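Chemist: File query-v7.cif follows (mmCIF, C-alpha atoms and all ligand atoms):
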```
data_run
#
loop_
_atom_site.label_atom_id
_atom_site.label_comp_id
_atom_site.auth_asym_id
_atom_site.auth_seq_id
_atom_site.Cartn_x
_atom_site.Cartn_y
_atom_site.Cartn_z
CA MET A 1 56.24 43.53 59.30
CA ALA A 2 53.62 43.61 56.53
CA ARG A 3 53.05 47.07 55.15
CA LEU A 4 49.59 48.63 55.22
CA LYS A 5 48.07 48.36 51.74
CA VAL A 6 46.78 51.76 50.72
CA GLY A 7 44.56 52.99 47.91
CA VAL A 8 44.90 56.64 46.88
CA LEU A 9 42.01 58.51 45.28
CA ILE A 10 42.90 61.51 43.13
CA SER A 11 41.30 63.93 40.67
CA GLY A 12 44.22 65.86 39.24
CA ARG A 13 47.82 66.95 39.65
CA GLY A 14 48.71 64.36 42.27
CA SER A 15 51.53 66.17 44.05
CA ASN A 16 50.32 64.79 47.39
CA LEU A 17 50.16 61.35 45.79
CA GLN A 18 53.80 61.92 44.75
CA ALA A 19 54.73 62.68 48.36
CA LEU A 20 53.18 59.36 49.41
CA ILE A 21 54.91 57.53 46.55
CA ASP A 22 58.26 59.02 47.58
CA ALA A 23 57.72 58.09 51.24
CA ALA A 24 56.69 54.54 50.38
CA ALA A 25 59.77 54.10 48.17
CA ASP A 26 61.63 53.56 51.43
CA PRO A 27 61.15 49.88 52.34
CA ALA A 28 61.12 50.93 56.02
CA TYR A 29 57.99 53.05 55.46
CA PRO A 30 55.08 51.10 56.98
CA ALA A 31 52.61 51.60 54.11
CA GLU A 32 52.63 50.76 50.40
CA ILE A 33 50.38 52.05 47.62
CA ALA A 34 48.49 49.17 46.04
CA LEU A 35 46.22 51.18 43.73
CA VAL A 36 45.65 54.74 42.53
CA VAL A 37 42.13 55.59 41.37
CA SER A 38 41.24 58.79 39.54
CA ASN A 39 37.71 59.91 38.78
CA VAL A 40 39.14 61.97 35.90
CA ALA A 41 40.99 60.47 32.92
CA GLY A 42 44.34 61.78 31.69
CA VAL A 43 45.39 63.62 34.85
CA GLN A 44 49.01 64.11 35.92
CA GLY A 45 48.57 61.98 39.04
CA LEU A 46 47.95 58.89 36.89
CA ASP A 47 51.29 59.46 35.12
CA ARG A 48 53.02 59.78 38.48
CA ALA A 49 51.57 56.42 39.60
CA GLY A 50 52.44 54.80 36.28
CA ARG A 51 56.05 55.99 36.51
CA ALA A 52 56.26 54.43 39.98
CA GLY A 53 54.87 51.12 38.68
CA ILE A 54 51.69 51.42 40.74
CA PRO A 55 48.46 49.98 39.27
CA THR A 56 45.91 52.63 38.29
CA ALA A 57 42.22 52.75 37.50
CA VAL A 58 40.05 55.49 36.05
CA ILE A 59 36.52 55.39 37.43
CA GLY A 60 34.74 58.40 35.98
CA HIS A 61 31.82 59.53 38.10
CA LYS A 62 30.02 60.69 34.97
CA GLY A 63 29.66 57.08 33.85
CA PHE A 64 27.34 56.27 36.75
CA PRO A 65 23.71 57.24 37.33
CA ASP A 66 24.22 58.25 40.97
CA ARG A 67 26.78 58.55 43.76
CA PRO A 68 26.07 55.14 45.36
CA SER A 69 26.80 53.24 42.13
CA PHE A 70 29.97 55.30 41.52
CA GLU A 71 31.14 54.61 45.06
CA ALA A 72 30.30 50.90 44.80
CA ALA A 73 32.66 50.77 41.80
CA LEU A 74 35.34 52.52 43.85
CA THR A 75 35.00 50.02 46.69
CA THR A 76 35.06 47.05 44.29
CA ALA A 77 38.30 48.31 42.70
CA LEU A 78 39.90 49.01 46.08
CA ARG A 79 38.91 45.65 47.54
CA SER A 80 40.10 43.68 44.53
CA ALA A 81 43.50 45.36 44.86
CA GLY A 82 43.65 44.23 48.49
CA VAL A 83 43.42 47.80 49.81
CA ALA A 84 42.90 48.08 53.57
CA PHE A 85 43.16 51.86 53.91
CA VAL A 86 42.23 54.80 51.67
CA CYS A 87 43.85 58.23 51.25
CA LEU A 88 42.03 61.10 49.54
CA ALA A 89 44.75 63.14 47.85
CA GLY A 90 43.04 65.99 46.03
CA PHE A 91 39.97 63.85 45.34
CA MET A 92 37.32 66.41 44.45
CA ARG A 93 34.11 64.38 44.83
CA VAL A 94 31.97 64.50 47.94
CA LEU A 95 31.50 60.99 49.33
CA THR A 96 28.20 59.72 50.77
CA ALA A 97 27.72 58.70 54.39
CA THR A 98 27.41 55.09 53.20
CA PHE A 99 30.91 55.06 51.68
CA VAL A 100 32.38 57.00 54.59
CA GLU A 101 30.90 54.59 57.14
CA ALA A 102 32.03 51.54 55.13
CA TRP A 103 35.61 52.85 55.42
CA ARG A 104 35.23 54.43 58.88
CA ASP A 105 38.64 55.14 60.45
CA ARG A 106 40.27 53.64 57.35
CA LEU A 107 39.78 56.78 55.22
CA ILE A 108 41.77 60.02 55.53
CA ASN A 109 41.83 63.29 53.61
CA ILE A 110 44.23 66.19 53.22
CA HIS A 111 42.78 69.68 53.21
CA PRO A 112 44.65 72.97 52.58
CA SER A 113 43.54 74.89 55.67
CA LEU A 114 43.70 74.69 59.43
CA LEU A 115 40.35 72.93 59.93
CA PRO A 116 37.76 73.59 61.22
CA ALA A 117 38.55 76.97 59.62
CA PHE A 118 37.84 77.23 55.89
CA PRO A 119 36.33 73.90 54.87
CA GLY A 120 35.36 73.60 51.21
CA LEU A 121 36.91 75.30 48.19
CA HIS A 122 39.01 78.48 47.67
CA THR A 123 40.56 78.16 51.12
CA HIS A 124 43.54 80.43 50.44
CA GLU A 125 41.50 83.29 48.96
CA ARG A 126 39.16 83.08 51.94
CA ALA A 127 41.99 82.98 54.51
CA ILE A 128 43.60 86.08 52.97
CA ALA A 129 40.26 87.90 52.75
CA ALA A 130 39.54 87.08 56.39
CA GLY A 131 42.88 88.58 57.43
CA VAL A 132 44.02 85.52 59.40
CA ARG A 133 47.78 85.40 60.00
CA PHE A 134 48.18 81.64 59.56
CA GLY A 135 47.11 79.23 56.89
CA GLY A 136 48.09 75.61 56.88
CA CYS A 137 46.97 72.09 56.20
CA THR A 138 45.13 69.32 57.97
CA VAL A 139 45.12 65.54 57.58
CA HIS A 140 41.97 64.11 59.13
CA TYR A 141 39.81 61.02 59.25
CA VAL A 142 36.83 61.43 56.96
CA ARG A 143 33.31 61.78 58.32
CA ALA A 144 30.06 62.37 56.45
CA ASP A 145 30.26 66.17 56.86
CA VAL A 146 32.60 67.66 54.25
CA ASP A 147 36.11 68.44 55.53
CA ALA A 148 35.21 67.32 59.05
CA GLY A 149 36.57 64.51 61.18
CA PRO A 150 39.21 63.70 63.81
CA ILE A 151 42.46 65.56 63.09
CA ILE A 152 45.65 63.49 62.81
CA VAL A 153 48.25 66.09 61.80
CA GLN A 154 48.26 69.85 61.22
CA ALA A 155 50.95 72.29 60.15
CA ALA A 156 50.57 76.07 60.33
CA VAL A 157 52.03 78.34 57.65
CA PRO A 158 52.38 82.10 58.19
CA ILE A 159 50.56 84.38 55.77
CA ALA A 160 52.69 87.26 54.49
CA PRO A 161 51.13 90.70 53.92
CA ASN A 162 51.77 90.49 50.17
CA ASP A 163 50.62 86.88 49.73
CA THR A 164 48.26 86.00 46.92
CA ALA A 165 46.19 82.84 46.89
CA GLU A 166 48.85 81.36 44.57
CA THR A 167 51.89 82.16 46.72
CA LEU A 168 50.09 80.99 49.86
CA ALA A 169 48.92 77.79 48.13
CA ALA A 170 52.50 77.00 47.13
CA ARG A 171 53.76 77.47 50.70
CA VAL A 172 50.94 75.38 52.16
CA LEU A 173 51.53 72.68 49.55
CA GLU A 174 55.09 72.18 50.83
CA ALA A 175 53.63 71.56 54.28
CA GLU A 176 51.04 69.19 52.80
CA HIS A 177 53.78 67.10 51.24
CA ARG A 178 55.29 66.50 54.68
CA ALA A 179 52.03 66.21 56.61
CA PHE A 180 50.37 63.49 54.54
CA PRO A 181 53.22 60.93 54.68
CA LEU A 182 53.62 61.73 58.39
CA ALA A 183 49.94 61.08 59.14
CA LEU A 184 49.89 57.85 57.14
CA ARG A 185 53.05 56.66 58.90
CA LEU A 186 51.60 57.34 62.35
CA ILE A 187 48.48 55.36 61.44
CA ALA A 188 50.35 52.48 59.81
CA GLU A 189 52.59 52.22 62.86
CA GLY A 190 49.48 51.86 65.01
CA ARG A 191 50.18 55.07 66.90
CA ALA A 192 46.93 56.89 66.07
CA ARG A 193 43.78 56.17 68.08
CA VAL A 194 40.43 57.84 67.51
CA VAL A 195 38.89 58.83 70.84
CA GLY A 196 35.52 60.48 70.37
CA ASP A 197 36.03 63.38 67.99
CA SER A 198 39.81 63.60 68.29
CA VAL A 199 42.93 61.53 67.62
CA ARG A 200 45.49 60.52 70.24
CA ILE A 201 49.04 59.85 69.07
CA ALA A 202 51.23 57.50 71.10
CA GLY A 203 55.01 57.40 71.22
CA ALA A 204 55.80 59.78 68.37
CA VAL A 205 57.90 62.92 68.38
CA ALA A 206 56.41 65.69 66.24
CA PRO A 207 58.83 66.88 63.55
CA ALA A 208 59.60 70.63 63.58
CA GLY A 209 56.60 72.63 62.46
CA PHE A 210 54.05 69.93 63.31
CA ALA A 211 51.88 69.52 66.37
CA LEU A 212 50.46 66.15 67.43
CA ASN A 213 47.87 65.43 70.10
CA PRO A 214 49.25 63.63 73.16
CA PRO A 215 48.33 59.97 73.76
CA GLY A 216 45.83 61.10 76.43
C1 LIG A 301 45.80 69.95 47.59
O1 LIG A 301 46.13 71.27 47.97
C2 LIG A 301 44.78 69.36 48.55
O2 LIG A 301 44.97 69.75 49.87
C3 LIG A 301 43.51 69.92 47.99
O3 LIG A 301 43.65 69.85 46.60
C4 LIG A 301 45.04 69.94 46.27
C5 LIG A 301 45.40 68.74 45.42
O4 LIG A 301 46.71 68.88 44.94
N1 LIG A 301 42.38 69.18 48.44
C6 LIG A 301 41.19 69.74 48.70
O5 LIG A 301 40.96 70.91 48.53
C7 LIG A 301 40.13 68.76 49.18
N2 LIG A 301 39.07 69.47 49.83
P1 LIG A 301 47.50 67.62 44.40
O6 LIG A 301 46.59 66.94 43.37
O7 LIG A 301 48.73 68.19 43.77
O8 LIG A 301 47.79 66.71 45.55
#
```
Please render this file's structure as structure tokens.
Ligand code: GAR
Modeler:
Amino acid sequence: MARLKVGVLISGRGSNLQALIDAAADPAYPAEIALVVSNVAGVQGLDRAGRAGIPTAVIGHKGFPDRPSFEAALTTALRSAGVAFVCLAGFMRVLTATFVEAWRDRLINIHPSLLPAFPGLHTHERAIAAGVRFGGCTVHYVRADVDAGPIIVQAAVPIAPNDTAETLAARVLEAEHRAFPLALRLIAEGRARVVGDSVRIAGAVAPAGFALNPPG
């Protein structure tokens, strides 16, 4: 079966990109990465893509007068690479409703908290300050509101009494590296269906530590 052609948007380190690269290295994985786009030049994620032989593009947002023209350049690059689906992997630009709607249900993001708790930045500091006992990560379809949209996969990570934002971030990141390839696989296998504001998953067994919505 043809693999889903994916574009990955990054802004930095690219460890979640690496998790997707590693997953897609298996020919049985149902998605392949056709293009990696960074809005920042010289970042580690671009080296990771280059090492894997994946085409890359740098589209710096600062080179455009406004968000719509920046996003039009993103879409042009993605389309010319034959991309059918987009993953935001540490992409730190807010996208307009126009871009989000153009890629509706073909655009997912990973966020380092159990959404809808702690959208935005500094999630781990805020979780520790709030005294919650679990952090975690969420892979969700992107909607116009920041860090909102139907949830595909979540994993919870316990917060230890002596955790700092750094130690918690490292533990959550391990969960992220499993959650993102899992979510993309479920979608590429046609198992994920958006129903209203939530996602139904058909015929998949949740790996240990992950919870999936029933087909419903
Ligand atoms: C990840 O923790 C990701 O969840 C987060 O940025 C980090 C990127 O790391 N994304 C967001 O905060 C988006 N709101 P990576 O570049 O090593 O994948």
Chemist: Please determine, counting all atoms listed in the file, which residue among A:Phe210, A:Val142, A:Ser15, A:Ala34 has the shortest atom-to-atom distance to Asp47 of chain A.
Modeler: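 Comparing A:Phe210, A:Val142, A:Ser15, A:Ala34 against Asp47 of chain A, the winner is A:Ser15.
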Chemist: What lies within 9 Å of segment 118-124 of chain A using all atoms listed in the file, ignoring chain neighbours under 4 positions off, as a PyMOL selection string?
Modeler: chain A and resi 111-114+128-129+135+146-148+164-166+168-169
Chemist: Kindly compile the residues surrounding ligand LIG 301 (chain A) within 10 Å, counting all atoms listed in the file, and format them as a PDB file with C-alpha atoms, in the coordinates of the input.
Modeler:
```
ATOM      1  CA  LEU A   9      42.010  58.510  45.280  1.00  0.00           C
ATOM      2  CA  ILE A  10      42.900  61.510  43.130  1.00  0.00           C
ATOM      3  CA  SER A  11      41.300  63.930  40.670  1.00  0.00           C
ATOM      4  CA  GLY A  12      44.220  65.860  39.240  1.00  0.00           C
ATOM      5  CA  ARG A  13      47.820  66.950  39.650  1.00  0.00           C
ATOM      6  CA  GLY A  14      48.710  64.360  42.270  1.00  0.00           C
ATOM      7  CA  SER A  15      51.530  66.170  44.050  1.00  0.00           C
ATOM      8  CA  ASN A  16      50.320  64.790  47.390  1.00  0.00           C
ATOM      9  CA  LEU A  17      50.160  61.350  45.790  1.00  0.00           C
ATOM     10  CA  GLN A  18      53.800  61.920  44.750  1.00  0.00           C
ATOM     11  CA  ALA A  19      54.730  62.680  48.360  1.00  0.00           C
ATOM     12  CA  LEU A  20      53.180  59.360  49.410  1.00  0.00           C
ATOM     13  CA  VAL A  43      45.390  63.620  34.850  1.00  0.00           C
ATOM     14  CA  GLN A  44      49.010  64.110  35.920  1.00  0.00           C
ATOM     15  CA  GLY A  45      48.570  61.980  39.040  1.00  0.00           C
ATOM     16  CA  LEU A  88      42.030  61.100  49.540  1.00  0.00           C
ATOM     17  CA  ALA A  89      44.750  63.140  47.850  1.00  0.00           C
ATOM     18  CA  GLY A  90      43.040  65.990  46.030  1.00  0.00           C
ATOM     19  CA  PHE A  91      39.970  63.850  45.340  1.00  0.00           C
ATOM     20  CA  MET A  92      37.320  66.410  44.450  1.00  0.00           C
ATOM     21  CA  ARG A  93      34.110  64.380  44.830  1.00  0.00           C
ATOM     22  CA  VAL A  94      31.970  64.500  47.940  1.00  0.00           C
ATOM     23  CA  ASN A 109      41.830  63.290  53.610  1.00  0.00           C
ATOM     24  CA  ILE A 110      44.230  66.190  53.220  1.00  0.00           C
ATOM     25  CA  HIS A 111      42.780  69.680  53.210  1.00  0.00           C
ATOM     26  CA  PRO A 112      44.650  72.970  52.580  1.00  0.00           C
ATOM     27  CA  SER A 113      43.540  74.890  55.670  1.00  0.00           C
ATOM     28  CA  PHE A 118      37.840  77.230  55.890  1.00  0.00           C
ATOM     29  CA  PRO A 119      36.330  73.900  54.870  1.00  0.00           C
ATOM     30  CA  GLY A 120      35.360  73.600  51.210  1.00  0.00           C
ATOM     31  CA  LEU A 121      36.910  75.300  48.190  1.00  0.00           C
ATOM     32  CA  HIS A 122      39.010  78.480  47.670  1.00  0.00           C
ATOM     33  CA  THR A 123      40.560  78.160  51.120  1.00  0.00           C
ATOM     34  CA  HIS A 124      43.540  80.430  50.440  1.00  0.00           C
ATOM     35  CA  GLY A 136      48.090  75.610  56.880  1.00  0.00           C
ATOM     36  CA  CYS A 137      46.970  72.090  56.200  1.00  0.00           C
ATOM     37  CA  THR A 138      45.130  69.320  57.970  1.00  0.00           C
ATOM     38  CA  VAL A 139      45.120  65.540  57.580  1.00  0.00           C
ATOM     39  CA  VAL A 146      32.600  67.660  54.250  1.00  0.00           C
ATOM     40  CA  ASP A 147      36.110  68.440  55.530  1.00  0.00           C
ATOM     41  CA  ALA A 169      48.920  77.790  48.130  1.00  0.00           C
ATOM     42  CA  ALA A 170      52.500  77.000  47.130  1.00  0.00           C
ATOM     43  CA  VAL A 172      50.940  75.380  52.160  1.00  0.00           C
ATOM     44  CA  LEU A 173      51.530  72.680  49.550  1.00  0.00           C
ATOM     45  CA  GLU A 174      55.090  72.180  50.830  1.00  0.00           C
ATOM     46  CA  ALA A 175      53.630  71.560  54.280  1.00  0.00           C
ATOM     47  CA  GLU A 176      51.040  69.190  52.800  1.00  0.00           C
ATOM     48  CA  HIS A 177      53.780  67.100  51.240  1.00  0.00           C
ATOM     49  CA  PHE A 180      50.370  63.490  54.540  1.00  0.00           C
TER      50      PHE A 180
END
```
Chemist: With distances taken over only C-alpha atoms, which of A:Ile151, A:Ala41, A:Ala183, A:Ala72 is nearest to Asn213 of chain A?
Modeler: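 When distances to Asn213 of chain A are compared using only C-alpha atoms, the smallest one comes from A:Ile151.
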Chemist: Can you pull out the residues contacting Phe134 of chain A? Cut-off 7 Å, using all atoms listed in the file, and skip same-chain residues under 2 positions away; I want them as a PDB file with C-alpha atoms, keeping the file's coordinate frame.
Modeler:
```pdb
ATOM      1  CA  VAL A 132      44.020  85.520  59.400  1.00  0.00           C
ATOM      2  CA  GLY A 136      48.090  75.610  56.880  1.00  0.00           C
ATOM      3  CA  ALA A 156      50.570  76.070  60.330  1.00  0.00           C
ATOM      4  CA  VAL A 157      52.030  78.340  57.650  1.00  0.00           C
ATOM      5  CA  PRO A 158      52.380  82.100  58.190  1.00  0.00           C
ATOM      6  CA  ILE A 159      50.560  84.380  55.770  1.00  0.00           C
TER       7      ILE A 159
END
```
Chemist: Work out how far apart atom CA of Asn39 of chain A and atom CA of Leu107 of chain A are and give it in Å to one decimal.
Modeler: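 Interatomic distance, atom CA of Asn39 of chain A to atom CA of Leu107 of chain A: 16.9 Å.
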Chemist: Using only C-alpha atoms, find the one residue out of A:Val40, A:Ala204, A:Val58, A:Ala97 that sits nearest to Glu189 of chain A.
Modeler: A:Ala204
Chemist: Have a look at A:Pro116, A:Arg3, A:Ala52, A:Ala188 and name the one nearest to Ala25 of chain A; count only C-alpha atoms.
Modeler: A:Ala52
Chemist: By how many Å are atom CA of Thr75 of chain A and atom CA of Phe99 of chain A apart?
Modeler: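 Distance reported for this atom pair: 8.2 Å.
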Chemist: Between atom CA of Arg171 of chain A and atom CA of Thr56 of chain A, what is the spacing in Å?
Modeler: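 We find that atom CA of Thr56 of chain A and atom CA of Arg171 of chain A lie 28.9 Å from each other.
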Chemist: Could you tell me which of A:Ala117, A:Ala130, A:Leu46, A:Leu184 comes closest to Tyr29 of chain A if we count all atoms listed in the file?
Modeler: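 Between A:Ala117, A:Ala130, A:Leu46, A:Leu184, the residue approaching Tyr29 of chain A most closely is A:Leu184.
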Chemist: Identify the residues within 12 Å of coordinate (55.3, 58.9, 68.4) (same frame as the file), considering only C-alpha atoms, and give the answer as a list of chain:residue names.
Modeler: A:Leu182, A:Ala183, A:Arg185, A:Leu186, A:Ile187, A:Ala188, A:Glu189, A:Gly190, A:Arg191, A:Ala192, A:Arg193, A:Arg200, A:Ile201, A:Ala202, A:Gly203, A:Ala204, A:Val205, A:Ala206, A:Pro207, A:Ala211, A:Leu212, A:Asn213, A:Pro214, A:Pro215
